[in-house]
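J.: So here's structure.txt, just compact mmCIF, C-alpha atoms:
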```
# COMPACT_ATOMS: atom_id res chain seq x y z
CA MET A 85 9.80 69.58 -0.68
CA CYS A 86 12.89 71.54 -1.70
CA ALA A 87 12.48 72.83 -5.27
CA THR A 88 16.22 72.67 -6.00
CA CYS A 89 17.31 69.22 -4.87
CA GLY A 90 13.99 67.52 -4.16
CA CYS A 91 14.77 66.52 -0.60
CA SER A 92 12.02 66.66 2.02
CA VAL A 93 13.56 69.19 4.43
CA PRO A 94 13.06 72.83 3.37
CA HIS A 95 16.39 74.63 3.14
CA VAL A 96 18.32 77.20 1.13
CA HIS A 97 20.80 76.48 -1.66
CA ALA A 98 23.51 79.04 -2.32
CA GLN A 99 23.34 80.38 -5.86
CA PRO A 100 26.61 80.52 -7.78
CA GLU A 101 26.05 83.96 -9.32
CA GLY A 102 25.33 85.91 -6.14
CA ARG A 103 26.09 86.00 -2.45
CA THR A 104 23.49 84.41 -0.22
CA VAL A 105 23.14 85.92 3.21
CA LEU A 106 21.34 83.83 5.79
CA LEU A 107 19.13 86.12 7.83
CA GLU A 108 16.73 83.98 9.89
CA GLN A 109 14.87 87.15 10.69
CA ASP A 110 11.30 87.25 11.98
CA ILE A 111 9.19 89.06 9.36
CA LEU A 112 7.15 90.72 12.08
CA ALA A 113 10.24 91.69 14.08
CA LYS A 114 9.52 95.40 13.85
CA ASN A 115 5.94 94.98 15.05
CA GLY A 116 7.27 92.67 17.77
CA ARG A 117 9.71 95.31 19.01
CA LEU A 118 7.01 97.99 19.10
CA ALA A 119 4.68 95.56 20.89
CA GLU A 120 7.31 94.85 23.56
CA ARG A 121 7.72 98.60 24.04
CA ASN A 122 3.94 98.92 24.56
CA ARG A 123 4.01 95.95 26.94
CA ALA A 124 6.78 97.51 29.05
CA TRP A 125 4.89 100.79 29.12
CA PHE A 126 1.71 99.06 30.32
CA ALA A 127 3.66 97.21 33.01
CA SER A 128 5.37 100.38 34.24
CA ARG A 129 1.97 102.04 34.66
CA ARG A 130 0.20 98.90 35.88
CA ILE A 131 -2.30 99.11 33.05
CA ALA A 132 -4.16 95.93 32.12
CA ALA A 133 -4.62 95.96 28.34
CA PHE A 134 -7.08 93.68 26.55
CA ASN A 135 -7.16 93.10 22.80
CA LEU A 136 -10.78 92.42 21.78
CA MET A 137 -11.23 90.66 18.46
CA SER A 138 -14.24 89.27 16.62
CA SER A 139 -16.07 89.35 13.32
CA PRO A 140 -18.01 92.56 12.58
CA GLY A 141 -21.29 92.73 14.46
CA SER A 142 -20.53 90.35 17.32
CA GLY A 143 -21.36 93.08 19.83
CA LYS A 144 -17.90 94.28 20.90
CA THR A 145 -18.88 97.91 21.29
CA THR A 146 -22.13 97.14 23.12
CA LEU A 147 -20.23 94.81 25.45
CA LEU A 148 -17.74 97.60 26.12
CA GLU A 149 -20.48 100.16 26.82
CA ARG A 150 -22.17 97.88 29.35
CA THR A 151 -18.84 96.83 30.85
CA ILE A 152 -17.80 100.44 31.39
CA GLU A 153 -21.16 101.25 33.01
CA ARG A 154 -20.81 98.30 35.38
CA LEU A 155 -17.19 99.12 36.24
CA ARG A 156 -18.01 102.71 37.20
CA GLY A 157 -16.39 103.37 40.58
CA ARG A 158 -14.48 100.07 40.44
CA ALA A 159 -11.87 100.73 37.74
CA ALA A 160 -10.87 103.52 35.38
CA VAL A 161 -11.40 102.44 31.78
CA SER A 162 -10.16 103.78 28.47
CA VAL A 163 -10.61 102.45 24.97
CA ILE A 164 -8.75 102.40 21.67
CA GLU A 165 -11.24 101.83 18.85
CA GLY A 166 -10.12 100.35 15.56
CA ASP A 167 -12.31 100.56 12.46
CA GLN A 168 -11.69 101.09 8.80
CA GLU A 169 -13.75 104.28 8.79
CA THR A 170 -15.89 106.62 10.96
CA LEU A 171 -15.60 107.90 14.52
CA ARG A 172 -18.87 106.27 15.55
CA ASP A 173 -17.52 103.69 17.99
CA ALA A 174 -15.26 106.15 19.83
CA GLU A 175 -18.24 108.50 20.14
CA ARG A 176 -20.37 105.69 21.59
CA ILE A 177 -17.66 104.93 24.16
CA ARG A 178 -17.27 108.61 25.08
CA GLY A 179 -21.03 108.60 25.64
CA THR A 180 -20.40 106.37 28.66
CA GLY A 181 -17.91 108.89 30.08
CA ALA A 182 -14.79 106.82 29.34
CA ARG A 183 -11.81 108.11 27.41
CA ALA A 184 -11.61 106.85 23.84
CA VAL A 185 -9.41 107.31 20.80
CA GLN A 186 -10.41 106.15 17.32
CA ILE A 187 -7.92 104.66 14.88
CA ASN A 188 -9.14 104.52 11.28
CA THR A 189 -7.13 101.97 9.35
CA GLY A 190 -8.53 102.95 5.94
CA SER A 191 -7.91 99.93 3.74
CA GLY A 192 -6.08 98.14 6.59
CA CYS A 193 -7.70 95.06 8.09
CA HIS A 194 -6.02 95.00 11.52
CA LEU A 195 -4.33 97.14 14.16
CA ASP A 196 -0.57 96.90 14.63
CA ALA A 197 1.67 97.79 17.56
CA GLY A 198 2.76 101.09 16.00
CA MET A 199 -0.84 102.30 15.63
CA VAL A 200 -1.51 101.41 19.26
CA ALA A 201 1.62 103.27 20.40
CA ASP A 202 0.41 106.41 18.56
CA ALA A 203 -3.05 106.05 20.07
CA LEU A 204 -1.60 105.67 23.57
CA ARG A 205 0.13 109.04 23.27
CA ALA A 206 -3.21 110.67 22.49
CA LEU A 207 -5.19 108.67 25.04
CA ASP A 208 -2.75 108.79 27.98
CA PRO A 209 -4.58 106.14 30.04
CA PRO A 210 -4.23 106.60 33.82
CA ARG A 211 -2.07 104.37 36.02
CA GLY A 212 -3.71 101.22 37.31
CA SER A 213 -6.51 101.43 34.74
CA LEU A 214 -8.07 99.02 32.28
CA LEU A 215 -7.44 99.59 28.58
CA PHE A 216 -9.54 97.91 25.91
CA ILE A 217 -8.25 97.79 22.37
CA GLU A 218 -11.21 97.05 20.11
CA ASN A 219 -9.59 95.62 17.01
CA VAL A 220 -10.97 95.88 13.49
CA GLY A 221 -13.89 93.45 13.07
CA ASN A 222 -12.15 90.54 11.35
CA LEU A 223 -11.43 86.99 12.50
CA VAL A 224 -8.36 86.55 10.31
CA CYS A 225 -5.73 89.27 10.24
CA PRO A 226 -5.76 90.70 13.79
CA ALA A 227 -4.76 87.26 15.17
CA LEU A 228 -1.27 87.74 13.81
CA PHE A 229 -0.29 91.11 15.22
CA ASP A 230 0.98 91.43 18.78
CA LEU A 231 -0.05 94.82 20.17
CA GLY A 232 1.71 94.47 23.52
CA GLU A 233 -1.59 93.63 25.20
CA GLY A 234 -2.16 91.27 28.12
CA PRO A 235 -4.99 88.86 27.35
CA LYS A 236 -6.25 88.44 23.81
CA VAL A 237 -10.02 88.06 23.85
CA VAL A 238 -12.13 86.64 21.03
CA ILE A 239 -15.85 87.40 21.05
CA ALA A 240 -18.33 85.26 19.15
CA SER A 241 -22.07 85.81 19.16
CA VAL A 242 -24.70 83.08 19.14
CA THR A 243 -25.97 84.38 15.79
CA GLU A 244 -22.72 83.40 14.08
CA GLY A 245 -23.08 79.63 14.12
CA GLU A 246 -21.31 77.10 16.31
CA ASP A 247 -18.61 76.19 13.81
CA LYS A 248 -16.77 79.56 13.92
CA PRO A 249 -13.83 78.11 15.92
CA LEU A 250 -13.25 75.45 13.26
CA LYS A 251 -13.55 77.93 10.41
CA TYR A 252 -11.17 80.46 11.97
CA PRO A 253 -8.80 78.31 14.06
CA HIS A 254 -5.91 80.81 13.99
CA MET A 255 -7.93 83.39 15.87
CA PHE A 256 -9.29 80.97 18.48
CA ARG A 257 -5.82 79.49 18.98
CA ALA A 258 -4.17 82.89 19.39
CA CYS A 259 -6.58 84.01 22.13
CA ASP A 260 -6.56 83.45 25.89
CA VAL A 261 -10.22 84.24 26.51
CA LEU A 262 -13.44 83.42 24.66
CA VAL A 263 -16.64 85.41 25.20
CA LEU A 264 -19.88 84.02 23.82
CA SER A 265 -22.22 87.00 23.45
CA LYS A 266 -25.89 87.76 22.74
CA LEU A 267 -27.14 84.88 24.92
CA ASP A 268 -30.54 86.63 25.05
CA LEU A 269 -31.09 85.63 21.41
CA LEU A 270 -30.71 81.89 22.08
CA PRO A 271 -34.48 81.18 22.21
CA HIS A 272 -34.77 82.39 18.61
CA LEU A 273 -31.89 80.36 17.22
CA GLN A 274 -30.76 76.81 16.71
CA PHE A 275 -27.37 77.39 18.28
CA ASP A 276 -25.79 74.36 19.95
CA ARG A 277 -23.72 75.82 22.78
CA GLU A 278 -22.22 72.51 23.79
CA ARG A 279 -20.98 71.91 20.27
CA PHE A 280 -19.61 75.47 20.01
CA PHE A 281 -17.47 75.01 23.14
CA GLU A 282 -16.45 71.54 22.02
CA TYR A 283 -15.16 73.03 18.75
CA ALA A 284 -13.47 75.92 20.57
CA ARG A 285 -11.65 73.57 22.97
CA LYS A 286 -10.61 71.38 20.06
CA VAL A 287 -8.74 74.34 18.64
CA ASN A 288 -7.55 75.73 21.98
CA PRO A 289 -8.09 73.78 25.21
CA ARG A 290 -6.62 76.63 27.28
CA LEU A 291 -9.39 79.17 26.52
CA ARG A 292 -10.96 80.87 29.53
CA VAL A 293 -14.68 81.09 28.73
CA PHE A 294 -17.38 83.67 29.52
CA GLN A 295 -21.00 83.56 28.38
CA LEU A 296 -23.07 86.70 28.55
CA SER A 297 -25.77 88.98 27.29
CA ALA A 298 -24.53 92.56 27.32
CA LEU A 299 -28.08 93.90 26.81
CA GLN A 300 -29.76 91.93 29.58
CA GLY A 301 -26.77 91.71 31.90
CA ASP A 302 -26.54 87.92 32.22
CA GLY A 303 -22.95 86.86 32.86
CA LEU A 304 -21.69 90.46 32.89
CA GLU A 305 -20.73 90.45 36.57
CA GLU A 306 -18.46 87.42 36.21
CA TRP A 307 -16.75 89.05 33.21
CA CYS A 308 -16.37 92.39 35.00
CA SER A 309 -14.98 90.77 38.17
CA TRP A 310 -12.40 88.96 36.10
CA LEU A 311 -11.42 92.25 34.43
CA VAL A 312 -11.11 94.08 37.74
CA ASP A 313 -8.92 91.27 39.09
CA ARG A 314 -6.51 91.99 36.25
CA SER A 315 -6.15 95.69 37.11
CA GLY A 316 -4.12 97.58 39.69
CA PRO A 317 -1.25 95.90 41.56
CA ARG A 318 -1.69 92.62 39.73
CA ALA A 319 -1.89 94.14 36.25
CA GLU A 320 1.30 92.43 35.05
CA ALA A 321 0.05 88.93 35.84
CA HIS A 322 -2.66 87.75 33.55
CA MET B 12 -5.44 90.88 3.46
CA HIS B 13 -2.66 91.10 6.06
CA GLU B 14 -0.28 89.61 3.48
CA LEU B 15 0.19 93.09 2.03
CA ALA B 16 1.44 94.40 5.39
CA ILE B 17 3.60 91.29 5.79
CA THR B 18 5.14 91.75 2.34
CA GLU B 19 5.76 95.44 3.02
CA SER B 20 7.62 94.41 6.21
CA VAL B 21 9.80 92.02 4.22
CA VAL B 22 10.69 94.71 1.69
CA GLU B 23 11.34 97.27 4.44
CA SER B 24 13.59 94.92 6.47
CA VAL B 25 15.62 93.85 3.44
CA THR B 26 15.92 97.42 2.15
CA GLN B 27 17.28 98.61 5.49
CA ARG B 28 19.73 95.72 5.83
CA PHE B 29 21.13 95.82 2.29
CA SER B 30 21.02 99.49 1.46
CA GLY B 31 22.92 100.31 -1.77
CA ARG B 32 23.03 96.67 -2.97
CA ARG B 33 20.85 94.95 -5.54
CA VAL B 34 18.83 92.06 -4.17
CA THR B 35 18.29 89.19 -6.60
CA ARG B 36 16.49 86.64 -4.46
CA VAL B 37 14.52 86.55 -1.23
CA VAL B 38 13.78 83.31 0.59
CA LEU B 39 10.95 83.25 3.12
CA GLU B 40 9.93 80.54 5.54
CA ILE B 41 6.18 80.39 6.06
CA GLY B 42 4.70 77.84 8.44
CA LYS B 43 1.44 76.10 7.60
CA LEU B 44 -0.06 77.45 10.85
CA SER B 45 1.24 80.99 10.49
CA GLY B 46 -2.05 82.31 9.11
CA VAL B 47 -0.25 83.67 6.06
CA VAL B 48 -1.07 82.51 2.55
CA PRO B 49 2.07 82.10 0.38
CA ASP B 50 0.20 82.81 -2.86
CA ALA B 51 -1.04 86.12 -1.48
CA ILE B 52 2.55 87.06 -0.56
CA ARG B 53 3.65 86.20 -4.11
CA PHE B 54 0.81 88.34 -5.44
CA CYS B 55 1.96 91.35 -3.39
CA PHE B 56 5.72 90.92 -3.74
CA ASP B 57 6.36 92.48 -7.16
CA VAL B 58 4.17 95.46 -6.36
CA CYS B 59 5.90 96.09 -3.01
CA ALA B 60 9.37 95.54 -4.52
CA GLU B 61 8.90 97.98 -7.38
CA GLY B 62 11.15 101.02 -7.11
CA THR B 63 13.22 99.44 -4.28
CA LEU B 64 16.47 97.50 -4.36
CA LEU B 65 14.34 94.35 -4.46
CA GLN B 66 12.84 95.21 -7.83
CA GLY B 67 13.09 92.21 -10.14
CA ALA B 68 14.18 89.87 -7.33
CA SER B 69 12.80 86.36 -7.31
CA LEU B 70 10.85 85.13 -4.34
CA ASP B 71 11.12 81.62 -2.95
CA ILE B 72 8.79 80.48 -0.21
CA LEU B 73 9.60 77.43 1.89
CA ALA B 74 6.39 76.04 3.35
CA ILE B 75 7.10 74.58 6.78
CA PRO B 76 4.85 71.67 7.80
CA ALA B 77 3.10 71.80 11.15
CA ARG B 78 4.15 69.41 13.91
CA ALA B 79 3.12 69.22 17.53
CA ARG B 80 3.74 67.22 20.69
CA CYS B 81 0.74 65.94 22.61
CA SER B 82 0.82 67.01 26.26
CA ALA B 83 -1.26 63.99 27.28
CA CYS B 84 0.61 61.07 25.67
CA GLU B 85 3.89 62.79 24.69
CA SER B 86 3.76 61.54 21.10
CA GLU B 87 4.64 63.75 18.14
CA LEU B 88 2.19 64.28 15.32
CA ALA B 89 1.76 66.11 12.04
CA ILE B 90 -1.05 68.68 11.88
CA GLU B 91 -2.71 68.59 8.49
CA ASP B 92 -5.84 70.72 8.68
CA GLY B 93 -4.95 73.51 11.08
CA ILE B 94 -6.83 71.83 13.92
CA GLY B 95 -4.70 69.49 15.94
CA LEU B 96 -6.13 66.39 17.53
CA CYS B 97 -3.87 63.61 18.77
CA PRO B 98 -5.00 60.05 17.99
CA CYS B 99 -5.16 59.59 21.80
CA GLY B 100 -8.06 62.08 21.78
CA SER B 101 -6.30 65.05 23.37
CA ALA B 102 -6.30 68.52 21.80
CA ASP B 103 -3.74 69.81 24.30
CA LEU B 104 -0.78 70.23 21.96
CA VAL B 105 2.49 72.09 22.03
CA PHE B 106 3.35 73.24 18.53
CA LEU B 107 6.89 72.40 17.45
CA SER B 108 6.81 73.86 13.97
CA GLY B 109 4.43 75.45 11.50
CA GLN B 110 4.21 78.95 12.98
CA GLU B 111 7.32 80.29 11.24
CA LEU B 112 7.20 83.65 9.53
CA LYS B 113 10.78 84.39 8.66
CA ILE B 114 13.09 85.96 6.10
CA LYS B 115 15.36 82.96 5.77
CA ALA B 116 17.94 84.31 3.36
CA VAL B 117 18.62 87.05 0.86
CA GLU B 118 20.82 86.89 -2.21
CA VAL B 119 22.61 90.05 -3.27
CA ALA B 120 24.31 90.69 -6.61
```
Starting from the coordinates I provided, produce the structure as structure tokens.

T.:
Amino acid sequence: MCATCGCSVPHVHAQPEGRTVLLEQDILAKNGRLAERNRAWFASRRIAAFNLMSSPGSGKTTLLERTIERLRGRAAVSVIEGDQETLRDAERIRGTGARAVQINTGSGCHLDAGMVADALRALDPPRGSLLFIENVGNLVCPALFDLGEGPKVVIASVTEGEDKPLKYPHMFRACDVLVLSKLDLLPHLQFDRERFFEYARKVNPRLRVFQLSALQGDGLEEWCSWLVDRSGPRAEAH
Amino acid sequence: MHELAITESVVESVTQRFSGRRVTRVVLEIGKLSGVVPDAIRFCFDVCAEGTLLQGASLDILAIPARARCSACESELAIEDGIGLCPCGSADLVFLSGQELKIKAVEVA
């Protein structure tokens, strides 16, 4: 309700003492412009960029390590790692032989398009390659910031409970792809997979779904084939 | 706490646009589905505005309700809880409003 006149449609009243300038400007316009610049750069180099998001501890880095191992000889891979502190994840990725750059956000809870642009200059990913941007572990803030990526991927592990999509609907709505990870732990848990996917589809019926265990390899091939299909000549179409 | 980054963007955009003027009021439009909490923006605003031409400005936030059109039955519905489900049972919705994140207007002295 409008606080000035009480009508039900939100709008702006001009104030007599000053000059009101209607702007209608997107608050995230600057990030949006930088993201479009990244997107154009990826397209010009036929790089397929994936924004991986999840809560901390869902297994993003382990999934990346195993993905890179499996893609050896099939696609060149590089990684931008986002964490508040430490170089640990970038070091783990370099351990697989892939290029990696670490962004430390300090107190920041998400990556933005400007940080990714800076990281790209340092990383210089090759043409036709796959680029993974591992966002800061957080199911809230990263959903809002366009990085110029292709698909946005949310990863949830079976240890997190099946109601995650309902608790964090913004993230599950913003993403194109859902990966359910740590399937090998299912025998030890009371995780209702059917209910999890029911909740996820309630929030976003368009989600493309993968189920896998990075450690044991179940479901990894389907995931990797999908990634490879996104690279090279078809990198722009996702 | 992405609201701090969002509020900084507001202050930066307004500062660039109205350089040399004094800003007395900022009006934002924040949709119910935008993922941004108006109270957190209010909490950050005075701190971000301090020492800029927005210092002392009032902040009005227009909360925009969420509406969607159902792709299955074509009817329009209000989304109350952040999770849309049409009475017809479909969750396949096209959002019409509620995702706004805009600087609607600025008042300068």

J.: Quote the spacing between CA of Gly42 (chain B) and CA of Ser108 (chain B) in Å to one decimal place.

T.: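 If I compute the distance from CA of Gly42 (chain B) to CA of Ser108 (chain B), I get 7.1 Å.
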
J.: Pick from B:Leu64, B:Arg80, B:Leu73, B:Val105: nearest to chain A, with all atoms listed in the file counted?

T.: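 So, comparing all the options, the nearest one is B:Leu73.
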
J.: I need the chain B residues near chain A as a list in words; criterion: at most 8 Å, counting all atoms listed in the file.

T.: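 Here they are: Met12, His13, Ile17, Ser20, Val21, Ser24, Thr35, Val38, Leu44, Ser45, Gly46, Leu73, Ala74, Ile75, Gly93, Ile94, Gly95, Leu96, Ala102, Asp103, Leu112, Lys113, Ile114, Lys115, Ala116, Val117, Glu118, Val119 and Ala120 of chain B.
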
J.: Is it possible to get the residues within 8 Å of (10.1, 83.7, -4.9) (coordinates as in the file, counting all atoms listed in the file) written as a list of chain:residue names?

T.: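 Residues lying no farther than 8 Å from the given point: B:Arg36, B:Val37, B:Val38, B:Arg53, B:Ala68, B:Ser69, B:Leu70, B:Asp71, B:Ile72.
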
J.: Write out as a list of chain:residue names which residues come within 9 Å of Phe106 (chain B) when counting only C-alpha atoms, dropping same-chain ones fewer than 6 positions away.

T.: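 Once the adjacent positions are removed, what remains is B:Ala77, B:Arg78, B:Ala79, B:Arg80, B:Cys81.
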
J.: Record the distance separating CA of Thr151 (chain A) and CA of Pro210 (chain A), expressed in Å with one decimal.

T.: 17.8 Å

J.: What does the structure give for the distance between CA of Gly212 (chain A) and CA of Leu264 (chain A), in Å to one decimal?

T.: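 Going from CA of Gly212 (chain A) over to CA of Leu264 (chain A), I get 27.2 Å.
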
J.: Please tabulate, as JSON lines, the residues of region 105-180 of chain A that come within 12 Å of region 301-311 of chain A, each with its closest pair of atoms and the distance in Å to one decimal, counting only C-alpha atoms and ordering rows by chain, then residue number upward.

T.:
```
{"residue": "A:Ile131", "atom": "CA", "partner": "A:Leu311", "partner_atom": "CA", "distance": 11.5}
{"residue": "A:Ala132", "atom": "CA", "partner": "A:Leu311", "partner_atom": "CA", "distance": 8.5}
{"residue": "A:Ala133", "atom": "CA", "partner": "A:Leu311", "partner_atom": "CA", "distance": 9.9}
{"residue": "A:Phe134", "atom": "CA", "partner": "A:Leu311", "partner_atom": "CA", "distance": 9.1}
{"residue": "A:Thr146", "atom": "CA", "partner": "A:Gly301", "partner_atom": "CA", "distance": 11.3}
{"residue": "A:Leu147", "atom": "CA", "partner": "A:Leu304", "partner_atom": "CA", "distance": 8.7}
{"residue": "A:Leu148", "atom": "CA", "partner": "A:Cys308", "partner_atom": "CA", "distance": 10.4}
{"residue": "A:Glu149", "atom": "CA", "partner": "A:Leu304", "partner_atom": "CA", "distance": 11.5}
{"residue": "A:Arg150", "atom": "CA", "partner": "A:Gly301", "partner_atom": "CA", "distance": 8.1}
{"residue": "A:Thr151", "atom": "CA", "partner": "A:Cys308", "partner_atom": "CA", "distance": 6.6}
{"residue": "A:Ile152", "atom": "CA", "partner": "A:Cys308", "partner_atom": "CA", "distance": 8.9}
{"residue": "A:Glu153", "atom": "CA", "partner": "A:Cys308", "partner_atom": "CA", "distance": 10.3}
{"residue": "A:Arg154", "atom": "CA", "partner": "A:Cys308", "partner_atom": "CA", "distance": 7.4}
{"residue": "A:Leu155", "atom": "CA", "partner": "A:Cys308", "partner_atom": "CA", "distance": 6.9}
{"residue": "A:Arg156", "atom": "CA", "partner": "A:Cys308", "partner_atom": "CA", "distance": 10.7}
{"residue": "A:Arg158", "atom": "CA", "partner": "A:Ser309", "partner_atom": "CA", "distance": 9.6}
{"residue": "A:Ala159", "atom": "CA", "partner": "A:Leu311", "partner_atom": "CA", "distance": 9.1}
{"residue": "A:Ala160", "atom": "CA", "partner": "A:Leu311", "partner_atom": "CA", "distance": 11.3}
{"residue": "A:Val161", "atom": "CA", "partner": "A:Leu311", "partner_atom": "CA", "distance": 10.5}
```

J.: Near Gly62 (chain B), within 12 Å and counting only C-alpha atoms, which residues show up once chain neighbours fewer than 6 positions away are dropped, as an MDAnalysis selection string?

T.: chainID B and resid 22 26 33 56 68

J.: Using all atoms listed in the file, which protein or nucleic acid residues come within 8 Å of Ser265 (chain A)? Drop anything in the same chain fewer than 6 positions from it, and give the result as a CSV table (one decimal) with C-alpha atoms, in the frame of the given file.

T.:
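Saved as around17.csv:
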```
chain,number,residue,atom,x,y,z
A,142,SER,CA,-20.5,90.4,17.3
A,143,GLY,CA,-21.4,93.1,19.8
A,239,ILE,CA,-15.8,87.4,21.0
A,240,ALA,CA,-18.3,85.3,19.2
A,241,SER,CA,-22.1,85.8,19.2
A,242,VAL,CA,-24.7,83.1,19.1
A,295,GLN,CA,-21.0,83.6,28.4
A,296,LEU,CA,-23.1,86.7,28.6
A,297,SER,CA,-25.8,89.0,27.3
A,298,ALA,CA,-24.5,92.6,27.3
```
